[in-house]
Amino acid sequence: MSSEPDVGFDSAAAVDGGEAFEAVVVGAGPGGAAAAAVLADNGVETLVLERGVEAGSKNVSGGLLYAEESAPFALDDLFPGVREAATERPVTRNYMDCLGDGNVHTIDLSGVHEHDTAWCDSVLRRRLDSWLAERVHERTAAAGAGLLTGVHVDGLLWEDGEIVGVTCDELDPIRADLVVAADGVNSELAREAGLMDWDEPEEWFQGVKATVDVPPAAVNERFGIDENEGVARLFAGDLFEGVRGGGFLYTNRDSLSIGTVFHLDSLAAERAEPHELLDALLTHPHLGRWLPDEYEEREYAAKLVPDSKKAAHPSPHRGRLLLVGDAAGQMQAQGPIIKGMNHAVSAGGLAAEAFLEARNRRDTDAAGERYERKLHGSGLFSKLKPRRYGAVGRLGEREAVADAVDDLVDSRLGRLGVRVAGGVVGRAFNSPFLLGALPDTRSAYATVPTVLAEELGAPVDAENGAEPPSLEERIGDLTYDTDVGNAHIELVDDGYDASGAAVTACPVSADGFGGGCYREETVRANGDEERVVSLDTQPCIECGTCAVVAETEWTHPRGGKGVDFHEG
Amino acid sequence: MAPMHTAVLTKGVPDFREGKVAFDEEGHLERGNTPTVMNPNDEHALRAALQTRVRHGGRVSVMSMGPPGYEDVLREAMASVYADDCVLVSDKQFAAADTWATAITLATALERLGDPDLVFAGFKTADGETGHTGPQTCWCLDVPVVTHVVALDIDPEDRTLRAKRLVEGDVEEIETVETSLPAFVVADPEFEPSYRTARHRLERKRLRAEARERAEDIDDHLTYWDHEDLNLDPDYVGLDGSPTIVSGVDPIPRAPAEREATEVDPTDPEAMGSVVEELTPYAGGD
Ligand SMILES: Cc1cc2nc3c(=O)[nH]c(=O)nc-3n(C[C@H](O)[C@H](O)[C@H](O)COP(=O)(O)OP(=O)(O)OC[C@H]3O[C@@H](n4cnc5c(N)ncnc54)[C@H](O)[C@@H]3O)c2cc1C
Ligand code: SF4
């Protein structure tokens with residue numbers, strides 16, 4: 001797969017069996033940036049490898065970056081000036097709009113938004129991550145190495161059954177005493193080490209987002225804020241045809257981030273089309289209050305999001321390999337509030353500290369154990385996987401119980417209860433403690449908010465003329481550097497039963513749409529008609545969905561290849 | 001071991017992609033009326049020089065001979081090879097030189113530059129298309145020349161160079177040759193630099209950042225040399241020193257850009273009838 005011609009002379013490193021660095025950090029998202037900064041500042045020769053043409057070009061978030069008071073690391077401590085230089089707006093107001101039957105009932109989420117929050121800014125990832133990466137390069141270069149973009153780490157380097165470094169598409173093998181996998185969701189390294197698998201749709205959300213162009217003055221005017229303020233709104237209720245999940249809208253300096261986050265198992269089971277669910281939100285009359293008259297979409301993007309309650313690995317290390325952030329499933333859905341970036345920062349900092357302590361004791365092999373102790377000792381792990389969720393949440397998700405709760409809320413008695421207890425529900429959504437225990441059922445996402453809106457809400461009094469682009473136009477507006485002849489995903493089983501879910505669940509594919517990645521086809525074999533699935537990776541936005549819902553051999557594209565997000 | 005000093009020869013050529021190429025009565029190109037760009041083939045020389053710089057360090061100079069208007073070309077070359085400095089050999093006396101007079105001038109300038117360990121040149125210029133200047137320059141300098149180079153391996157300590165080169169310019173046939181430094185290398189368009197180690201890529205990134213800073217005040221890094229600086233007898237340079245006689249330049253007539261065309265609806269039998277009528281005279285046979 002190498003792009004280099006074989007006429008060249010071998011470089012010295014290839015002859016010696018690999019270059020060596022003290023530490024290699026894979027991925028320049030918030031987790032990798034934090035780890036690299038702490039390592040480099042303490043004199044560790046640290047090489048950072050990022051597959052995007054620029055850091056951030058592969059990354060997507062909704063965009064609320066929290067700094068928690070209780071967290072061991074906050075981004076602005078590690079990167080002074082980040083808020084001034086690279087974030088969008090401080091989020092000063094946070095609401096949840098429950099929508100049902102043409103009504104809206106708004107809950108002020110200030111309580112949970114401000115709980116344990118030092119600050120919270122909206123961000124766009126291309127801007128944030130590329131700024132961080134420049135700082136990381138300066139600091140790692142001062143410590144003897146640096147940050148390289150356009151390099152895809154395609155595996156671990158093993159020796160006698162031990163991990164001793166990484167292998168790359170673009171570079172000769174690299175040996176290191178520490179390998180930090182901060183390579184995000186669908187971490188190829190975590191998979192190869194046997195620490196994470198991509199088998200269970202229940203362990204993931206799929207996030208889809210549109211960045212909508214709005215001049216700064218219009219943002220201020222429509223939301224009634226000044227340029228130093230920002231708004232977050234979350235949406236739940238009857239607008240998503242019962243698919244479990246919700247919507248969000250965050251204000252940026254001169255744009256809006258509007259998106260959806262759904263449980264992948266629900267999305268796949270309902271055969272829902274992610275772009276249609278996004279459009280249901282974008283075109284909902286309620287959003288007409290904030291959208292500009294001329295709807296102009298800058299970017300359509302999507303990515304899987306791990307659900308830490310189920311996916312966070314309690315012991316995310318093996319030998320010299322330490323997983324941080326999404327790679328370790330450290331993405332917390334605190335009810336409707338999503339916290340991944342901040343935890344990735346904390347975990348990156350803790351992993352680096354663990355290595356430094358182990359190195360001081362000349363026992364770098366103990367870094368993993370120390371990291372694990374820090375994860376649990378700092379309280380981070382119990383945020384990711386609250387014990388109370390184990391007891392209450394899992395029980396609530398058992399089907400019979402879930403249906404009973406659902407029916408109860410929807411019953412006349414339940415509706416009466418909601419009316420009486422409306423304020424209590426609001427308080428419940430503002431309790432981090434209760435949110436942690438909230439089961440992932442229809443009740444939480446659809447039934448309760450819908451009933452709330454129906455019973456307590458006021459009619460939606462806005463009109464919405466937004467006409468979002470078609471899926472074809474959205475794909476056409478994205479930038480790709482296609483790696484012709486090197487498909488990064490291979491369909492292992494093209495049977496419809498095995499892989500058909502991807503036709504709808506892939507955010508750039510749709511039933512009956514020929515321009516996407518996955519298509520359903522009918523082939524005749526021995527006189528029988530067979531439903532099969534075909535794959536074209538050209539429009540792929542590397543979201544990771546089909547790695548879980550289809551039978552594939554899934555990797556990221558080579559360095560610098562594939563989709564290039566400008567907003568994220 | 002002294003650090004390596006590498007020089008890259010580059011040349012401005014008329015931009016054949018746009019603008020019209022003008023010749024005077026004597027058949028000399030009228031450069032004043034044609035935009036100048038870096039000779040496209042020089043890019044391969046620059047790529048080879050950059051790889052050498054990244055792998056072995058040292059200093060890289062870019063050199064060109066031509067009118068002051070070449071500055072932009074040097075700027076471009078300097079930015080792409082992250083050069084430390086550049087020299088523009090420029091003098092009215094040098095004008096209208098053929099490859100022989102150019103070679104003498106360049107060789108003298110290279111000597112003055114301090115006899116670099118390695119000199120890179122591109123393969124053929126887009127205007128002259130002779131491919132002579134490089135080899136003639138090394139003949140003047142009395143250093144070995146390796147042409148059609150596609151890969152390089154330099155040992156600065158042993159002062160040797162191994163090169164893979166295309167035999168007779170054929171991609172199918174590659175030979176490996178070895179020679180001593182100083183040497184002259186003509187990079188082939190097939191030359192592909194290779195940066196397969198992280199340290200090489202980091203070094204390249206460092207050099208790029210440095211070069212960006214230098215580009216801000218390029219004049220500090222640009223030197224002009226005229227015939228006096230080079231101590232060259234005007235009889236041996238420029239038009240007077242050029243034994244080549246251009247007997248004439250035959251412009252190749254261009255196809256007319258616009259053709260007369262009529263659009264016809266293929267479903268309209270009447271209109272199609274006239275098409276058949278029009279075409280009949282051109283049909284084979286009678
Ligand atoms: C729609 C959506 C909304 C979200 N909303 C929020 C929110 O509001 N707040 C919040 O905190 N979080 C949110 N998240 C989650 C958040 O984006 C992630 O939790 C966070 O980005 C994780 O950070 P990380 O550093 O672990 O990984 P990432 O940010 O994903 O970074 C991983 C990096 O590694 C690189 N990489 C991957 N593989 C390789 C490889 N093999 N070789 C080299 N480089 C590689 C990638 O290019 C990337 O730069 C949201 C996610 C989505 C999709
Ligand atoms: S092909 Fe797979 S990874 Fe690519 S966009 Fe579709 S679901 Fe996501």
# chains A, B, ... in the order shown; residues from 1 in each chain; ligands from 1

$ interface_residues --of "chain A" --to "chain B" --cutoff "6 Å" --atoms "only C-alpha atoms" --output "list of chain:residue names"
A:Gly8, A:Leu171, A:Asp172

$ residues_near_ligand --ligand "ligand 2" --cutoff "9 Å" --atoms "only C-alpha atoms and all ligand atoms" --output "count of residues only"
34

$ residues_around --residues "Trp100 of chain B" --least-positions-apart "6" --cutoff "12 Å" --atoms "only C-alpha atoms" --output "list in words"
Phe94, Leu106, Ala107, Thr130, Gly131, His132, Thr133, Gly134, Pro135, Gln136, Thr137, Cys138, Trp139, Cys140, Tyr236, Val237, Gly238, Leu239, Asp240, Gly241, Ser242, Pro243, Thr244 and Ile245 of chain B

$ select_by_dssp --residues "segment 464-503 of chain A" --states "strand (DSSP E or B)" --output "PDB file with C-alpha atoms, in the first residue's frame"
ATOM      1  CA  THR A 479     -13.838  18.087   0.263  1.00  0.00           C
ATOM      2  CA  TYR A 480     -12.227  14.708  -0.334  1.00  0.00           C
ATOM      3  CA  ASP A 481      -8.779  13.550  -1.317  1.00  0.00           C
ATOM      4  CA  ILE A 489     -13.292  -0.419   4.194  1.00  0.00           C
ATOM      5  CA  GLU A 490     -13.944  -3.857   2.838  1.00  0.00           C
ATOM      6  CA  LEU A 491     -17.289  -5.542   2.939  1.00  0.00           C
ATOM      7  CA  GLY A 495     -25.580 -10.385   2.534  1.00  0.00           C
TER       8      GLY A 495
END

$ residues_near_ligand --ligand "ligand 1" --cutoff "7 Å" --atoms "only C-alpha atoms and all ligand atoms" --output "PyMOL selection string"
chain A and resi 26-32+49-52+55-66+151-154+182-185+187-188+206-209+259-261+302-305+324-327+331+338-342+344+556

$ select_by_dssp --residues "segment 129-242 of chain B" --states "alpha helix (DSSP H)" --output "short mmCIF file (atom, residue, chain, number, x, y, z; two decimals) with C-alpha atoms, in the first residue's frame"
data_model
loop_
_atom_site.label_atom_id
_atom_site.label_comp_id
_atom_site.auth_asym_id
_atom_site.auth_seq_id
_atom_site.Cartn_x
_atom_site.Cartn_y
_atom_site.Cartn_z
CA THR B 133 23.58 23.32 -19.97
CA GLY B 134 23.93 20.93 -17.04
CA PRO B 135 26.53 18.58 -18.54
CA GLN B 136 28.45 21.48 -20.11
CA THR B 137 28.61 23.26 -16.78
CA CYS B 138 30.17 20.22 -15.07
CA TRP B 139 32.59 19.82 -17.90
CA CYS B 140 33.74 23.36 -17.13
CA LEU B 141 33.90 22.52 -13.41
CA ALA B 198 9.62 10.54 11.30
CA ARG B 199 12.87 12.42 11.92
CA HIS B 200 13.21 13.28 8.26
CA ARG B 201 9.66 14.57 8.19
CA LEU B 202 10.22 16.58 11.34
CA GLU B 203 13.36 18.07 9.84
CA ARG B 204 11.47 18.95 6.67
CA LYS B 205 8.80 20.63 8.76
CA ARG B 206 11.44 22.58 10.68
CA LEU B 207 13.11 23.73 7.48
CA ARG B 208 9.77 24.79 6.04
CA ALA B 209 9.04 26.96 9.07
CA GLU B 210 12.51 28.51 8.85
CA ALA B 211 12.09 29.16 5.15
CA ARG B 212 8.76 30.90 5.77
CA GLU B 213 10.52 33.29 8.08
CA ARG B 214 13.28 33.93 5.57
CA ALA B 215 10.76 34.55 2.83
CA GLU B 216 9.53 37.60 4.75
#

$ atom_distance --atom1 "atom CA of Pro216 of chain A" --atom2 "atom CA of Glu567 of chain A"
16.1 Å

$ residues_around --residues "Val460 of chain A" --least-positions-apart "4" --cutoff "7 Å" --atoms "only C-alpha atoms" --output "list in words"
Gly102, Asn103, Val104 and His286 of chain A

$ write_last_selection --atoms "C-alpha atoms" --output "tab-separated table (two decimals), in the first residue's frame"
chain	number	residue	atom	x	y	z
A	102	GLY	CA	-47.13	21.17	18.08
A	103	ASN	CA	-46.31	22.27	21.61
A	104	VAL	CA	-43.04	23.15	23.25
A	286	HIS	CA	-39.70	25.61	16.43

$ closest_residue --among "A:Glu294, A:Glu473, A:Glu202, A:Asp101" --to "Ser308 of chain A" --atoms "only C-alpha atoms"
A:Glu202

$ atom_distance --atom1 "atom CA of Val533 of chain A" --atom2 "atom CA of Glu520 of chain A"
4.6 Å

$ closest_residue --among "A:Ala37, A:Val44, A:Asp493, A:Gly559" --to "Glu357 of chain A" --atoms "only C-alpha atoms"
A:Val44

$ residues_around --residues "Glu276 of chain A" --least-positions-apart "6" --cutoff "10 Å" --atoms "only C-alpha atoms" --output "mmCIF file with N, CA and C atoms, in the first residue's frame"
data_model
loop_
_atom_site.group_PDB
_atom_site.id
_atom_site.type_symbol
_atom_site.label_atom_id
_atom_site.label_comp_id
_atom_site.auth_asym_id
_atom_site.auth_seq_id
_atom_site.Cartn_x
_atom_site.Cartn_y
_atom_site.Cartn_z
ATOM 1 N N PHE A 240 -38.518 12.743 16.260
ATOM 2 C CA PHE A 240 -37.595 11.774 15.659
ATOM 3 C C PHE A 240 -38.210 10.386 15.488
ATOM 4 N N LEU A 282 -33.947 20.346 11.587
ATOM 5 C CA LEU A 282 -33.645 21.612 10.916
ATOM 6 C C LEU A 282 -34.903 22.306 10.390
ATOM 7 N N SER A 470 -29.964 18.445 -0.230
ATOM 8 C CA SER A 470 -30.179 17.004 -0.326
ATOM 9 C C SER A 470 -28.897 16.296 0.077
ATOM 10 N N LEU A 471 -28.998 14.989 0.290
ATOM 11 C CA LEU A 471 -27.809 14.226 0.659
ATOM 12 C C LEU A 471 -26.751 14.326 -0.440
ATOM 13 N N PRO A 507 -24.495 7.653 7.355
ATOM 14 C CA PRO A 507 -25.036 9.008 7.192
ATOM 15 C C PRO A 507 -24.909 9.571 5.781
ATOM 16 N N ALA A 510 -28.459 6.134 1.639
ATOM 17 C CA ALA A 510 -29.886 6.113 1.925
ATOM 18 C C ALA A 510 -30.543 5.094 1.006
#

$ atom_distance --atom1 "atom CA of Thr552 of chain A" --atom2 "atom CA of Glu203 of chain A"
17.8 Å

$ residues_around --residues "segment 107-119 of chain A" --least-positions-apart "4" --cutoff "8 Å" --atoms "only C-alpha atoms" --output "CSV table (one decimal) with N, CA, C and O atoms, in the first residue's frame"
chain,number,residue,atom,x,y,z
A,66,TYR,N,-16.4,21.5,27.9
A,66,TYR,CA,-16.6,21.8,29.4
A,66,TYR,C,-15.2,21.8,30.0
A,66,TYR,O,-14.3,20.9,29.7
A,67,ALA,N,-15.0,22.6,31.0
A,67,ALA,CA,-13.9,22.5,31.9
A,67,ALA,C,-14.6,22.3,33.3
A,67,ALA,O,-15.2,23.2,33.8
A,68,GLU,N,-14.4,21.1,33.8
A,68,GLU,CA,-15.0,20.8,35.1
A,68,GLU,C,-14.1,21.2,36.3
A,68,GLU,O,-12.9,20.9,36.2
A,69,GLU,N,-14.8,21.7,37.3
A,69,GLU,CA,-14.0,22.1,38.5
A,69,GLU,C,-13.3,20.9,39.1
A,69,GLU,O,-12.1,21.0,39.6
A,70,SER,N,-13.9,19.7,39.1
A,70,SER,CA,-13.4,18.6,39.7
A,70,SER,C,-12.4,17.8,38.9
A,70,SER,O,-11.8,16.8,39.3
A,90,PRO,N,-18.5,31.5,24.9
A,90,PRO,CA,-18.9,30.9,26.2
A,90,PRO,C,-20.4,30.6,26.2
A,90,PRO,O,-21.2,31.4,25.8
A,93,ARG,N,-26.2,30.2,28.5
A,93,ARG,CA,-27.6,29.7,28.8
A,93,ARG,C,-27.7,28.3,28.1
A,93,ARG,O,-27.2,28.1,27.0
A,94,ASN,N,-28.5,27.5,28.8
A,94,ASN,CA,-28.6,26.1,28.3
A,94,ASN,C,-30.1,25.7,28.6
A,94,ASN,O,-30.5,25.7,29.8
A,95,TYR,N,-30.8,25.3,27.6
A,95,TYR,CA,-32.2,24.9,27.7
A,95,TYR,C,-32.5,23.6,27.1
A,95,TYR,O,-31.8,23.2,26.2
A,96,MET,N,-33.5,22.9,27.6
A,96,MET,CA,-34.0,21.8,26.8
A,96,MET,C,-35.4,22.0,26.4
A,96,MET,O,-36.3,22.4,27.2
A,97,ASP,N,-35.7,21.9,25.1
A,97,ASP,CA,-37.0,22.1,24.5
A,97,ASP,C,-37.7,20.8,24.3
A,97,ASP,O,-37.2,20.0,23.5
A,98,CYS,N,-38.8,20.5,25.0
A,98,CYS,CA,-39.5,19.3,24.8
A,98,CYS,C,-40.6,19.6,23.8
A,98,CYS,O,-41.4,20.5,24.0
A,337,ILE,N,-26.6,16.0,28.2
A,337,ILE,CA,-25.3,16.7,28.1
A,337,ILE,C,-24.2,15.8,27.7
A,337,ILE,O,-24.1,14.7,28.4
A,426,GLY,N,-38.3,18.8,35.5
A,426,GLY,CA,-37.3,19.8,35.2
A,426,GLY,C,-36.1,19.7,36.2
A,426,GLY,O,-34.9,19.7,35.8
A,429,PHE,N,-34.0,16.6,35.4
A,429,PHE,CA,-33.1,16.8,34.3
A,429,PHE,C,-31.9,17.7,34.7
A,429,PHE,O,-30.9,17.8,34.0
A,430,ASN,N,-32.0,18.4,35.8
A,430,ASN,CA,-31.0,19.3,36.3
A,430,ASN,C,-30.1,18.6,37.4
A,430,ASN,O,-29.3,19.2,38.0
A,431,SER,N,-30.4,17.4,37.6
A,431,SER,CA,-29.7,16.7,38.7
A,431,SER,C,-28.7,15.8,38.0
A,431,SER,O,-29.0,14.7,37.4
A,432,PRO,N,-27.4,16.1,38.1
A,432,PRO,CA,-26.4,15.2,37.6
A,432,PRO,C,-26.5,13.8,38.1
A,432,PRO,O,-26.2,12.8,37.5

$ residues_around --residues "His221 of chain B" --least-positions-apart "5" --cutoff "12 Å" --atoms "only C-alpha atoms" --output "list in words"
Val60, Ser61, Val62, Met63, Glu71, Leu74, Arg75, Met78, Ala79, Tyr82, Ala83, Asp84, Asp85, Cys86, Val87, Leu88, Ala211, Glu213, Arg214, Ala215 and Glu216 of chain B

$ closest_residue --among "A:Gly246, A:Gly379, A:Pro449, A:Pro292" --to "His343 of chain A" --atoms "only C-alpha atoms"
A:Gly379
